[in-house]
$ cat final-v6.cif   # mmCIF, C-alpha atoms
data_work
#
loop_
_atom_site.label_atom_id
_atom_site.label_comp_id
_atom_site.auth_asym_id
_atom_site.auth_seq_id
_atom_site.Cartn_x
_atom_site.Cartn_y
_atom_site.Cartn_z
CA MET A 1152 9.40 9.23 -13.08
CA ALA A 1153 5.67 9.07 -13.49
CA ARG A 1154 4.12 12.50 -13.46
CA ASP A 1155 0.79 14.21 -13.68
CA MET A 1156 -1.22 11.38 -12.28
CA MET A 1157 -4.59 12.54 -11.19
CA PRO A 1158 -4.97 11.60 -7.58
CA GLU A 1159 -8.49 10.78 -6.46
CA THR A 1160 -9.42 11.51 -2.88
CA LEU A 1161 -11.57 8.92 -1.17
CA ASP A 1162 -13.38 9.70 2.08
CA GLU A 1163 -16.32 8.49 4.13
CA THR A 1164 -18.70 9.41 1.32
CA SER A 1165 -16.95 7.18 -1.26
CA VAL A 1166 -18.59 3.77 -1.45
CA LEU A 1167 -16.91 0.47 -2.30
CA THR A 1168 -18.59 -2.88 -2.78
CA LYS A 1169 -17.46 -5.77 -0.63
CA ASP A 1170 -15.77 -7.31 -3.68
CA ASP A 1171 -13.82 -4.09 -4.30
CA LEU A 1172 -12.76 -4.02 -0.69
CA CYS A 1173 -11.56 -7.64 -0.84
CA ARG A 1174 -9.48 -6.88 -3.90
CA VAL A 1175 -8.04 -3.60 -2.63
CA CYS A 1176 -7.10 -4.96 0.79
CA GLN A 1177 -6.32 -8.50 -0.38
CA VAL A 1178 -8.52 -10.17 2.20
CA ASP A 1179 -11.29 -12.76 2.02
CA ALA A 1180 -14.95 -11.75 2.10
CA ALA A 1181 -15.41 -13.93 5.19
CA TRP A 1182 -12.71 -11.93 6.94
CA ILE A 1183 -14.56 -8.68 6.23
CA ASP A 1184 -17.83 -10.26 7.41
CA GLU A 1185 -16.14 -11.15 10.67
CA LEU A 1186 -14.90 -7.59 11.26
CA HIS A 1187 -18.38 -6.35 10.37
CA ALA A 1188 -20.00 -8.80 12.80
CA LEU A 1189 -17.66 -7.56 15.55
CA GLY A 1190 -18.89 -4.02 14.93
CA VAL A 1191 -15.52 -2.75 13.71
CA LEU A 1192 -16.76 -1.92 10.22
CA GLU A 1193 -19.90 0.00 9.48
CA SER A 1194 -21.53 -1.19 6.30
CA GLN A 1195 -24.10 0.15 3.92
CA SER A 1196 -26.84 -1.98 2.35
CA GLN A 1197 -26.54 -4.84 4.87
CA GLY A 1198 -22.86 -5.61 4.51
CA ARG A 1199 -22.71 -5.41 0.71
CA ALA A 1200 -21.08 -1.97 0.52
CA TYR A 1201 -18.64 -0.06 2.69
CA SER A 1202 -17.25 3.45 2.87
CA ALA A 1203 -13.74 3.87 1.47
CA VAL A 1204 -12.32 4.76 4.89
CA SER A 1205 -12.89 1.07 5.73
CA ILE A 1206 -9.69 0.47 3.76
CA ARG A 1207 -7.72 2.04 6.59
CA THR A 1208 -9.53 -0.01 9.23
CA ILE A 1209 -9.01 -3.24 7.31
CA THR A 1210 -5.32 -2.72 6.59
CA ARG A 1211 -4.72 -1.79 10.22
CA ALA A 1212 -6.69 -4.82 11.40
CA ARG A 1213 -4.73 -7.05 9.06
CA ARG A 1214 -1.38 -5.73 10.32
CA LEU A 1215 -2.40 -6.12 13.97
CA GLU A 1216 -3.61 -9.68 13.35
CA ARG A 1217 -0.39 -10.57 11.58
CA ASP A 1218 2.19 -8.78 13.72
CA PHE A 1219 0.75 -9.67 17.12
CA ALA A 1220 -0.84 -13.02 16.27
CA LEU A 1221 -4.20 -11.70 17.52
CA ASN A 1222 -7.54 -13.38 17.00
CA MET A 1223 -10.42 -11.33 15.65
CA PRO A 1224 -11.98 -10.25 18.95
CA GLY A 1225 -8.45 -9.21 19.98
CA VAL A 1226 -8.08 -7.19 16.79
CA ALA A 1227 -11.42 -5.50 17.43
CA LEU A 1228 -10.41 -4.63 20.99
CA ALA A 1229 -7.00 -3.30 19.90
CA LEU A 1230 -8.59 -1.12 17.20
CA GLU A 1231 -11.12 0.29 19.63
CA LEU A 1232 -8.46 1.09 22.22
CA LEU A 1233 -6.11 2.61 19.62
CA ASP A 1234 -8.92 4.82 18.32
CA GLU A 1235 -9.75 5.88 21.87
CA ILE A 1236 -6.08 6.73 22.54
CA GLU A 1237 -5.96 8.74 19.32
CA ARG A 1238 -9.10 10.63 20.34
CA LEU A 1239 -7.76 11.36 23.83
CA ARG A 1240 -4.39 12.49 22.47
CA ALA A 1241 -6.17 14.86 20.11
CA GLU A 1242 -8.14 16.20 23.08
CA VAL A 1243 -4.92 16.76 25.05
CA ARG A 1244 -3.33 18.59 22.11
CA LYS A 1245 -6.36 20.86 21.85
CA LEU A 1246 -6.23 21.73 25.56
CA ARG A 1247 -2.53 22.53 25.62
CA MET J 1361 26.23 -3.19 1.74
CA GLU J 1362 26.05 -3.18 5.52
CA TYR J 1363 25.96 -6.41 7.44
CA LYS J 1364 22.85 -6.59 9.66
CA ASP J 1365 23.17 -8.06 13.12
CA TYR J 1366 19.67 -9.43 13.58
CA TYR J 1367 20.48 -10.72 17.07
CA LYS J 1368 21.44 -7.22 18.16
CA THR J 1369 18.26 -5.79 16.58
CA LEU J 1370 16.12 -8.10 18.71
CA GLY J 1371 18.44 -7.77 21.73
CA VAL J 1372 18.97 -11.51 22.14
CA GLU J 1373 22.02 -13.77 22.44
CA ARG J 1374 23.14 -15.82 19.44
CA SER J 1375 22.21 -18.86 21.52
CA ALA J 1376 18.63 -17.63 22.11
CA SER J 1377 15.87 -20.23 21.86
CA PRO J 1378 13.02 -19.80 19.33
CA GLU J 1379 10.79 -18.92 22.29
CA ASP J 1380 13.19 -16.17 23.44
CA ILE J 1381 13.24 -14.75 19.92
CA LYS J 1382 9.47 -14.77 19.66
CA LYS J 1383 9.20 -13.09 23.06
CA ALA J 1384 11.74 -10.41 22.17
CA TYR J 1385 10.02 -9.75 18.85
CA ARG J 1386 6.57 -9.42 20.44
CA GLN J 1387 7.84 -7.00 23.08
CA LEU J 1388 9.64 -4.80 20.56
CA ALA J 1389 6.70 -4.94 18.14
CA ARG J 1390 4.33 -3.69 20.85
CA LYS J 1391 6.66 -0.75 21.39
CA PHE J 1392 7.47 0.24 17.82
CA HIS J 1393 4.56 -0.97 15.69
CA PRO J 1394 3.59 1.95 13.43
CA ASP J 1395 -0.10 1.43 14.17
CA ILE J 1396 0.68 1.94 17.86
CA ASN J 1397 3.68 4.25 17.98
CA LYS J 1398 3.18 7.42 15.94
CA ASP J 1399 6.65 8.85 16.63
CA ALA J 1400 8.81 9.58 13.62
CA GLY J 1401 11.32 6.78 13.32
CA ALA J 1402 9.11 4.10 14.87
CA GLU J 1403 8.16 2.77 11.45
CA ASP J 1404 11.79 2.31 10.36
CA LYS J 1405 12.65 0.71 13.65
CA PHE J 1406 9.73 -1.68 13.30
CA LYS J 1407 10.85 -2.64 9.78
CA GLU J 1408 14.24 -3.65 11.19
CA ILE J 1409 12.61 -5.64 13.98
CA ASN J 1410 10.28 -7.32 11.51
CA GLU J 1411 13.13 -8.23 9.20
CA ALA J 1412 15.21 -9.64 12.07
CA ASN J 1413 12.25 -11.71 13.21
CA ASP J 1414 11.58 -12.93 9.68
CA VAL J 1415 15.07 -14.41 9.59
CA LEU J 1416 15.65 -15.51 13.19
CA GLY J 1417 12.08 -16.72 13.66
CA ASP J 1418 12.49 -19.22 10.83
CA ALA J 1419 14.75 -22.20 11.59
CA GLU J 1420 15.93 -22.63 8.00
CA LYS J 1421 16.71 -18.96 7.44
CA ARG J 1422 18.32 -18.61 10.84
CA LYS J 1423 20.67 -21.52 10.08
CA ALA J 1424 21.68 -19.95 6.77
CA TYR J 1425 22.17 -16.56 8.42
CA ASP J 1426 24.30 -18.07 11.19
CA GLU J 1427 26.52 -19.86 8.66
CA LEU J 1428 26.99 -16.62 6.81
CA GLY J 1429 27.47 -14.38 9.79
CA GLN J 1430 30.64 -15.75 11.34
CA GLY J 1431 33.08 -12.88 11.71
CA PHE J 1432 30.82 -10.00 10.64
CA ALA J 1433 29.83 -7.11 12.85
CA ALA J 1434 26.80 -4.86 12.42
CA GLY J 1435 27.38 -2.09 9.89
CA GLN J 1436 30.45 -3.80 8.44
CA ASN J 1437 30.70 -3.91 4.68
CA PHE J 1438 29.22 -7.17 3.50
CA ARG J 1439 29.41 -9.34 0.38
CA PRO J 1440 27.87 -12.79 0.31
CA PRO J 1441 30.34 -15.61 -0.42
CA PRO J 1442 30.67 -16.37 -4.15
CA ASN J 1443 29.10 -19.82 -3.91
CA TRP J 1444 26.23 -18.63 -1.73
CA GLU J 1445 23.44 -19.23 -4.23
CA GLN J 1446 24.61 -22.72 -5.13
CA ALA J 1447 24.95 -23.66 -1.49
CA HIS J 1448 21.48 -22.31 -0.75
CA PRO J 1449 19.35 -22.99 -3.81
CA HIS J 1450 16.17 -22.42 -1.82
CA THR J 1451 16.96 -18.72 -1.82
CA GLN J 1452 15.86 -18.77 -5.44
CA ARG J 1453 12.61 -20.57 -4.77
CA ALA J 1454 9.70 -18.82 -6.39
CA GLY J 1455 7.24 -17.42 -3.91
CA ALA J 1456 4.89 -14.65 -3.09
CA HIS J 1457 5.98 -11.06 -3.06
CA HIS J 1458 4.94 -8.23 -0.86
CA ALA J 1459 2.76 -5.38 -1.93
CA ALA J 1460 4.45 -2.01 -2.12
CA GLY J 1461 4.69 -0.29 1.22
CA ASP J 1462 4.13 -3.51 3.12
CA ALA J 1463 7.11 -4.88 4.99
CA GLU J 1464 9.99 -3.68 2.87
CA PHE J 1465 13.19 -5.43 3.74
CA SER J 1466 16.77 -4.17 3.55
CA ASP J 1467 19.22 -4.60 0.69
CA PHE J 1468 21.16 -6.94 2.95
CA PHE J 1469 18.09 -9.17 3.27
CA GLU J 1470 17.39 -9.06 -0.47
CA GLU J 1471 20.99 -10.01 -1.22
CA VAL J 1472 21.11 -12.90 1.21
CA PHE J 1473 17.63 -14.32 0.98
CA GLY J 1474 16.45 -13.13 -2.41
CA SER J 1475 13.54 -10.84 -3.06
CA ARG J 1476 11.27 -13.76 -3.84
CA GLY J 1477 12.34 -17.13 -2.53
CA PHE J 1478 12.94 -17.13 1.17
CA ARG J 1479 10.66 -14.23 1.65
CA GLN J 1480 7.44 -15.63 2.94
CA SER J 1481 4.07 -14.20 2.42
CA HIS J 1482 3.05 -13.67 5.99
CA GLY J 1483 1.24 -10.66 4.63
CA PHE J 1484 -2.21 -10.36 3.27
CA HIS J 1485 -4.46 -13.27 2.45
CA ARG J 1486 -4.11 -14.27 -1.15
CA THR J 1487 -7.52 -14.34 -2.64
CA ARG J 1488 -6.64 -14.45 -6.29
CA PRO J 1489 -7.29 -17.86 -7.83
CA HIS J 1490 -5.15 -19.74 -10.39
CA ALA J 1491 -2.00 -17.66 -10.32
CA GLY J 1492 -0.32 -17.68 -13.68
CA THR J 1493 -3.27 -18.48 -15.89
CA GLY J 1494 -4.72 -15.96 -18.27
CA ARG J 1495 -5.19 -12.24 -17.79
CA MET J 1496 -4.82 -11.06 -14.26
CA ARG J 1497 -5.19 -7.63 -12.79
CA GLY J 1498 -2.19 -6.34 -10.84
CA GLU J 1499 -2.26 -6.23 -7.08
CA ASP J 1500 -3.38 -3.04 -5.38
CA ALA J 1501 -0.63 -1.52 -3.27
CA HIS J 1502 -0.82 0.45 -0.04
CA ALA J 1503 1.38 3.04 1.57
CA ARG J 1504 1.09 5.79 4.14
CA VAL J 1505 1.70 9.44 3.40
CA VAL J 1506 2.30 11.98 6.15
CA VAL J 1507 1.25 15.50 5.25
CA SER J 1508 1.53 18.77 7.11
CA LEU J 1509 -1.14 21.37 7.67
CA ARG J 1510 0.73 23.61 5.25
CA ASP J 1511 0.58 20.88 2.55
CA SER J 1512 -3.17 20.76 2.98
CA MET J 1513 -3.53 24.56 2.89
CA THR J 1514 -1.73 25.01 -0.39
CA GLY J 1515 -1.62 21.55 -1.98
CA ALA J 1516 1.79 19.94 -2.39
CA THR J 1517 3.85 17.51 -4.38
CA ARG J 1518 5.55 14.65 -2.64
CA GLN J 1519 8.15 12.28 -3.97
CA MET J 1520 7.54 8.76 -2.80
CA SER J 1521 9.83 5.81 -3.21
CA LEU J 1522 8.04 2.47 -3.28
CA ARG J 1523 9.06 -1.07 -3.98
CA VAL J 1524 6.72 -2.58 -6.51
CA PRO J 1525 6.72 -6.07 -7.96
CA GLU J 1526 7.71 -6.21 -11.60
CA ILE J 1527 7.44 -9.15 -13.96
CA LYS J 1528 10.70 -10.14 -15.61
CA GLY J 1529 9.97 -13.08 -17.91
CA ASP J 1530 8.47 -15.68 -15.61
CA ARG J 1531 9.84 -14.14 -12.45
CA ILE J 1532 8.59 -11.42 -10.19
CA GLU J 1533 11.15 -8.96 -8.93
CA LEU J 1534 10.84 -6.00 -6.62
CA ARG J 1535 11.80 -2.73 -8.18
CA GLU J 1536 12.30 0.69 -6.66
CA LYS J 1537 9.82 3.12 -8.13
CA VAL J 1538 9.79 6.85 -7.55
CA LEU J 1539 6.46 8.58 -7.86
CA GLU J 1540 5.66 12.24 -7.79
CA VAL J 1541 2.36 12.41 -5.98
CA LYS J 1542 0.12 15.45 -5.92
CA ILE J 1543 -1.30 16.01 -2.47
CA PRO J 1544 -4.65 17.69 -3.13
CA LYS J 1545 -5.40 20.99 -1.44
CA GLY J 1546 -7.70 20.58 1.55
CA ILE J 1547 -6.73 16.97 2.24
CA THR J 1548 -7.47 15.87 5.81
CA GLY J 1549 -6.20 13.05 7.98
CA GLY J 1550 -7.97 9.71 7.50
CA LYS J 1551 -8.67 10.26 3.82
CA ILE J 1552 -7.27 8.00 1.14
CA ILE J 1553 -5.60 9.05 -2.09
CA ARG J 1554 -6.02 6.61 -4.95
CA LEU J 1555 -3.64 6.59 -7.89
CA ARG J 1556 -5.01 4.42 -10.64
CA GLY J 1557 -2.62 2.06 -12.35
CA GLN J 1558 0.27 2.68 -9.94
CA GLY J 1559 0.03 -0.62 -8.06
CA GLY J 1560 1.44 -3.99 -9.08
CA PRO J 1561 1.69 -4.96 -12.77
CA GLY J 1562 -0.99 -7.08 -14.41
CA LEU J 1563 -0.28 -10.52 -15.84
CA GLY J 1564 -1.01 -11.67 -19.37
CA GLY J 1565 -2.08 -8.21 -20.47
CA GLY J 1566 -4.16 -7.61 -17.35
CA GLU J 1567 -4.52 -4.10 -15.99
CA PRO J 1568 -2.11 -2.83 -13.35
CA GLY J 1569 -3.41 -2.46 -9.80
CA ASP J 1570 -3.99 0.85 -8.04
CA LEU J 1571 -1.97 2.53 -5.34
CA TYR J 1572 -3.78 3.58 -2.16
CA LEU J 1573 -2.15 6.19 0.05
CA GLU J 1574 -3.50 6.54 3.56
CA VAL J 1575 -3.20 10.13 4.65
CA GLU J 1576 -1.91 10.99 8.09
CA PHE J 1577 -1.43 14.48 9.45
CA ALA J 1578 1.91 15.35 10.98
CA PRO J 1579 1.52 17.03 14.37
CA ASP J 1580 1.88 20.79 14.11
CA PRO J 1581 3.41 22.86 16.93
CA LEU J 1582 0.63 25.45 16.76
CA PHE J 1583 -2.46 23.98 15.16
CA HIS J 1584 -4.46 20.82 15.56
CA ALA J 1585 -6.61 19.75 12.65
CA GLU J 1586 -9.79 17.79 13.22
CA GLY J 1587 -11.31 17.05 9.86
CA LYS J 1588 -11.38 20.40 8.07
CA ASN J 1589 -11.63 22.39 11.29
CA VAL J 1590 -8.43 23.67 12.85
CA HIS J 1591 -7.91 24.28 16.57
CA VAL J 1592 -5.47 26.75 18.07
CA THR J 1593 -4.82 27.93 21.61
CA LEU J 1594 -4.54 31.71 21.95
CA PRO J 1595 -2.84 33.17 25.05
CA VAL J 1596 -4.51 36.38 26.26
CA THR J 1597 -3.95 38.75 29.18
CA PRO J 1598 -6.49 38.89 32.02
CA TRP J 1599 -7.54 42.40 30.96
CA GLU J 1600 -8.02 41.36 27.30
CA ALA J 1601 -10.22 38.48 28.46
CA ALA J 1602 -12.10 40.63 30.98
CA LEU J 1603 -12.58 43.86 29.03
CA GLY J 1604 -12.66 42.51 25.51
CA ALA J 1605 -10.05 43.27 22.85
CA THR J 1606 -9.09 42.72 19.27
CA VAL J 1607 -5.89 40.69 19.00
CA LYS J 1608 -3.75 39.21 16.27
CA THR J 1609 -4.45 35.48 15.99
CA PRO J 1610 -2.50 32.93 13.93
CA VAL J 1611 -4.45 31.07 11.26
CA PRO J 1612 -2.96 28.41 8.98
CA GLY J 1613 -0.90 30.35 6.47
CA GLY J 1614 -1.19 33.79 8.08
CA SER J 1615 -3.01 35.72 10.78
CA ILE J 1616 -6.28 37.52 11.39
CA MET J 1617 -7.49 40.11 13.86
CA MET J 1618 -9.85 38.39 16.26
CA ARG J 1619 -12.39 40.14 18.44
CA ILE J 1620 -12.52 38.85 21.99
CA PRO J 1621 -15.81 39.68 23.70
CA PRO J 1622 -15.79 41.15 27.23
CA ASN J 1623 -15.88 38.62 30.06
CA ALA J 1624 -14.47 35.84 27.90
CA GLY J 1625 -13.10 33.41 30.44
CA ASP J 1626 -10.23 30.98 30.34
CA GLY J 1627 -11.00 28.07 27.99
CA ARG J 1628 -13.64 30.00 26.05
CA GLU J 1629 -13.85 28.87 22.42
CA LEU J 1630 -14.32 31.38 19.63
CA ARG J 1631 -14.90 30.47 16.01
CA ALA J 1632 -13.45 32.14 12.92
CA LYS J 1633 -15.66 30.90 10.13
CA GLY J 1634 -13.94 29.65 6.99
CA LYS J 1635 -10.43 30.05 8.41
CA GLY J 1636 -9.78 26.29 8.65
CA LEU J 1637 -8.70 23.97 5.87
CA PRO J 1638 -9.79 24.73 2.31
CA ALA J 1639 -12.85 22.89 0.97
CA ALA J 1640 -15.97 23.64 -1.06
CA GLU J 1641 -17.24 24.88 2.28
CA PRO J 1642 -13.99 25.69 4.11
CA GLY J 1643 -13.44 24.53 7.68
CA ASP J 1644 -13.45 26.85 10.68
CA LEU J 1645 -10.68 27.97 12.99
CA ILE J 1646 -11.59 27.27 16.59
CA VAL J 1647 -9.69 29.54 18.95
CA ARG J 1648 -9.41 28.49 22.56
CA LEU J 1649 -8.50 31.31 24.96
CA LYS J 1650 -5.85 30.70 27.57
CA VAL J 1651 -5.59 33.47 30.15
CA VAL J 1652 -1.98 34.07 31.16
CA TRP J 1653 -1.30 36.07 34.30
CA PRO J 1654 1.70 38.39 34.54
CA PRO J 1655 4.01 37.58 37.47
CA ALA J 1656 3.88 39.93 40.44
CA ASP J 1657 7.56 40.75 40.14
CA THR J 1658 7.46 44.55 40.08
CA ASP J 1659 6.02 47.09 42.52
CA THR J 1660 3.46 48.14 39.91
CA ALA J 1661 2.28 44.60 39.27
CA ARG J 1662 2.13 43.82 42.95
CA ALA J 1663 0.13 47.02 43.58
CA ALA J 1664 -2.33 46.05 40.84
CA TYR J 1665 -2.86 42.59 42.35
CA GLU J 1666 -3.22 44.13 45.81
CA ALA J 1667 -5.83 46.55 44.49
CA MET J 1668 -7.78 43.67 42.97
CA ALA J 1669 -7.56 41.65 46.19
CA ARG J 1670 -8.84 44.62 48.14
CA ASP J 1671 -11.49 45.93 45.79
CA ILE J 1672 -12.95 42.93 44.00
CA PRO J 1673 -15.06 40.61 46.10
CA PHE J 1674 -14.41 37.27 44.39
CA ASP J 1675 -14.32 33.74 45.79
CA PRO J 1676 -13.60 31.08 43.12
CA ARG J 1677 -13.99 28.39 45.81
CA SER J 1678 -17.53 29.26 46.84
CA GLY J 1679 -18.84 26.15 45.05
CA LEU J 1680 -16.57 23.73 46.93
CA GLY J 1681 -18.76 23.56 50.05
CA GLU J 1682 -17.70 24.04 53.69
CA ALA J 1683 -14.21 22.78 54.34
#
$ encode --input "final-v6.cif" --output "structure tokens"
Amino acid sequence: MARDMMPETLDETSVLTKDDLCRVCQVDAAWIDELHALGVLESQSQGRAYSAVSIRTITRARRLERDFALNMPGVALALELLDEIERLRAEVRKLR
Amino acid sequence: MEYKDYYKTLGVERSASPEDIKKAYRQLARKFHPDINKDAGAEDKFKEINEANDVLGDAEKRKAYDELGQGFAAGQNFRPPPNWEQAHPHTQRAGAHHAAGDAEFSDFFEEVFGSRGFRQSHGFHRTRPHAGTGRMRGEDAHARVVVSLRDSMTGATRQMSLRVPEIKGDRIELREKVLEVKIPKGITGGKIIRLRGQGGPGLGGGEPGDLYLEVEFAPDPLFHAEGKNVHVTLPVTPWEAALGATVKTPVPGGSIMMRIPPNAGDGRELRAKGKGLPAAEPGDLIVRLKVVWPPADTDTARAAYEAMARDIPFDPRSGLGEA
């Protein structure tokens, strides 16, 4: 068993280039551009760099596209609605 | 190994048309997809559905599965016929593999369809050019890790079992790999843990890929974490809320004495600075008061309510207008 690996924590302050993001998430640059154009991903330096939390958005988007045969506007809508549901559920938990 | 009844998994007849299968898969996927359904168990259920669809949704694989499946029932002990590989040479066809944590299939599937061949890459786009030539960095792998508030308070170690591709000669095989992962203290939901070199193996002396763990917080019965701040609902009596009091309040990993100011109403939020999740600047605990009224089920309680009704001029409906 591998032990004593130093885990690195990435958050919204960690920055990845678009190339990094393509490699990490195994998607094409054009695919990221499309998500960006739809307003799903917030970029830094005009679409050349992204925060590391984009990894989560991209992998979710990729799964939704694949598992439900959605087109990109459909993916964007699903992500927005899922985020809204998550936010509302959190609100309900706080008020209980 | 257990025989898997893929028709039962999708809830369709053995005679179902490809359209019926697609329809059943889509309906079940909407219900159990782990990005949609956060219940424990949904992810495993979705894996089964996905695997069933991978086989039944593909004419060639479905035919092979049907040939094999005569006389087996779900859960029954299963061994493929001895001449299976010769009869179905395409099961050995070289093909793409899945990244760790992405669509793991059962042992039954691996035995029948091979971990490479039949398994199609309906996963991520392949962006890497010229597979097989020269040095190539290993693929980055992704998985999800669910942590509790307690894990974040103290830090934790988590054993994770992942299937990672491994190069055996000129073939790629999936191998079970057990990792002991340190969950850093103060981790919050939505963050990503990167473990360098723990992804797929490199080719031709290339570096291995990294492993990315997406952190999710498990719901806690008492607390709700939002970033590094932690929310809790604190029940108080009407007299504690009205007159002010100092009451014992749960915080992650213990309790504190919290001062409630006089005339703190129902729903009032109080903040205990630094009592949230650990960080360079620790998060806060946000305490939401919930006034709980005692039932009027004794003479004393009833008398107290009657005294209030008589002596306190109070109309909570004065803002509702004339009825």
$ atom_distance --input "final-v6.cif" --atom1 "atom CA of J:Glu1379" --atom2 "atom CA of J:Asp1467"
27.3 Å
$ interface_residues --input "final-v6.cif" --of "chain J" --to "chain A" --cutoff "6 Å" --atoms "all atoms listed in the file" --output "compact mmCIF listing (two decimals) with C-alpha atoms, keeping the file's coordinate frame"
# COMPACT_ATOMS: atom_id res chain seq x y z
CA PHE J 1484 -2.21 -10.36 3.27
CA HIS J 1485 -4.46 -13.27 2.45
CA ASP J 1500 -3.38 -3.04 -5.38
CA LEU J 1539 6.46 8.58 -7.86
CA GLU J 1540 5.66 12.24 -7.79
CA LYS J 1551 -8.67 10.26 3.82
CA ILE J 1552 -7.27 8.00 1.14
CA ILE J 1553 -5.60 9.05 -2.09
CA ARG J 1554 -6.02 6.61 -4.95
CA LEU J 1555 -3.64 6.59 -7.89
$ atom_distance --input "final-v6.cif" --atom1 "atom CA of A:Thr1164" --atom2 "atom CA of J:Ser1521"
29.1 Å
$ atom_distance --input "final-v6.cif" --atom1 "atom CA of J:Ser1375" --atom2 "atom CA of J:Gln1387"
18.7 Å
$ resolve_selection --input "final-v6.cif" --expression "the PyMOL selection byres ((chain J and resi 1508) around 6)" --output "list of chain:residue names"
J:Val1507, J:Leu1509, J:Arg1510, J:Asp1511, J:Phe1577, J:Ala1578
$ build_atoms --input "final-v6.cif" --residues "stretch 1176-1181 of chain A" --atoms "all heavy atoms" --output "PDB file, in the coordinates of the input"
ATOM      1  N   CYS A1176      -7.808  -4.637  -0.447  1.00  0.00           N
ATOM      2  CA  CYS A1176      -7.100  -4.960   0.790  1.00  0.00           C
ATOM      3  C   CYS A1176      -6.540  -6.384   0.790  1.00  0.00           C
ATOM      4  O   CYS A1176      -5.892  -6.785   1.749  1.00  0.00           O
ATOM      5  CB  CYS A1176      -8.016  -4.767   1.996  1.00  0.00           C
ATOM      6  SG  CYS A1176      -8.655  -3.101   2.130  1.00  0.00           S
ATOM      7  N   GLN A1177      -6.798  -7.128  -0.269  1.00  0.00           N
ATOM      8  CA  GLN A1177      -6.320  -8.500  -0.380  1.00  0.00           C
ATOM      9  C   GLN A1177      -6.707  -9.354   0.840  1.00  0.00           C
ATOM     10  O   GLN A1177      -5.861  -9.939   1.517  1.00  0.00           O
ATOM     11  CB  GLN A1177      -4.794  -8.515  -0.591  1.00  0.00           C
ATOM     12  CG  GLN A1177      -4.418  -8.018  -1.984  1.00  0.00           C
ATOM     13  CD  GLN A1177      -3.177  -7.141  -1.992  1.00  0.00           C
ATOM     14  OE1 GLN A1177      -2.293  -7.316  -1.189  1.00  0.00           O
ATOM     15  NE2 GLN A1177      -3.117  -6.210  -2.905  1.00  0.00           N
ATOM     16  N   VAL A1178      -7.979  -9.325   1.123  1.00  0.00           N
ATOM     17  CA  VAL A1178      -8.520 -10.170   2.200  1.00  0.00           C
ATOM     18  C   VAL A1178      -9.742 -10.923   1.683  1.00  0.00           C
ATOM     19  O   VAL A1178     -10.324 -10.556   0.663  1.00  0.00           O
ATOM     20  CB  VAL A1178      -8.921  -9.340   3.451  1.00  0.00           C
ATOM     21  CG1 VAL A1178      -7.707  -8.704   4.088  1.00  0.00           C
ATOM     22  CG2 VAL A1178      -9.957  -8.295   3.099  1.00  0.00           C
ATOM     23  N   ASP A1179     -10.111 -11.982   2.400  1.00  0.00           N
ATOM     24  CA  ASP A1179     -11.290 -12.760   2.020  1.00  0.00           C
ATOM     25  C   ASP A1179     -12.561 -12.051   2.460  1.00  0.00           C
ATOM     26  O   ASP A1179     -12.556 -11.324   3.448  1.00  0.00           O
ATOM     27  CB  ASP A1179     -11.281 -14.129   2.713  1.00  0.00           C
ATOM     28  CG  ASP A1179     -10.030 -14.911   2.381  1.00  0.00           C
ATOM     29  OD1 ASP A1179      -9.567 -14.797   1.234  1.00  0.00           O
ATOM     30  OD2 ASP A1179      -9.524 -15.619   3.266  1.00  0.00           O
ATOM     31  N   ALA A1180     -13.650 -12.327   1.742  1.00  0.00           N
ATOM     32  CA  ALA A1180     -14.950 -11.750   2.100  1.00  0.00           C
ATOM     33  C   ALA A1180     -15.343 -12.165   3.511  1.00  0.00           C
ATOM     34  O   ALA A1180     -15.887 -11.372   4.284  1.00  0.00           O
ATOM     35  CB  ALA A1180     -16.007 -12.187   1.099  1.00  0.00           C
ATOM     36  N   ALA A1181     -15.035 -13.428   3.866  1.00  0.00           N
ATOM     37  CA  ALA A1181     -15.410 -13.930   5.190  1.00  0.00           C
ATOM     38  C   ALA A1181     -14.700 -13.133   6.284  1.00  0.00           C
ATOM     39  O   ALA A1181     -15.246 -12.923   7.375  1.00  0.00           O
ATOM     40  CB  ALA A1181     -15.051 -15.404   5.308  1.00  0.00           C
TER      41      ALA A1181
END
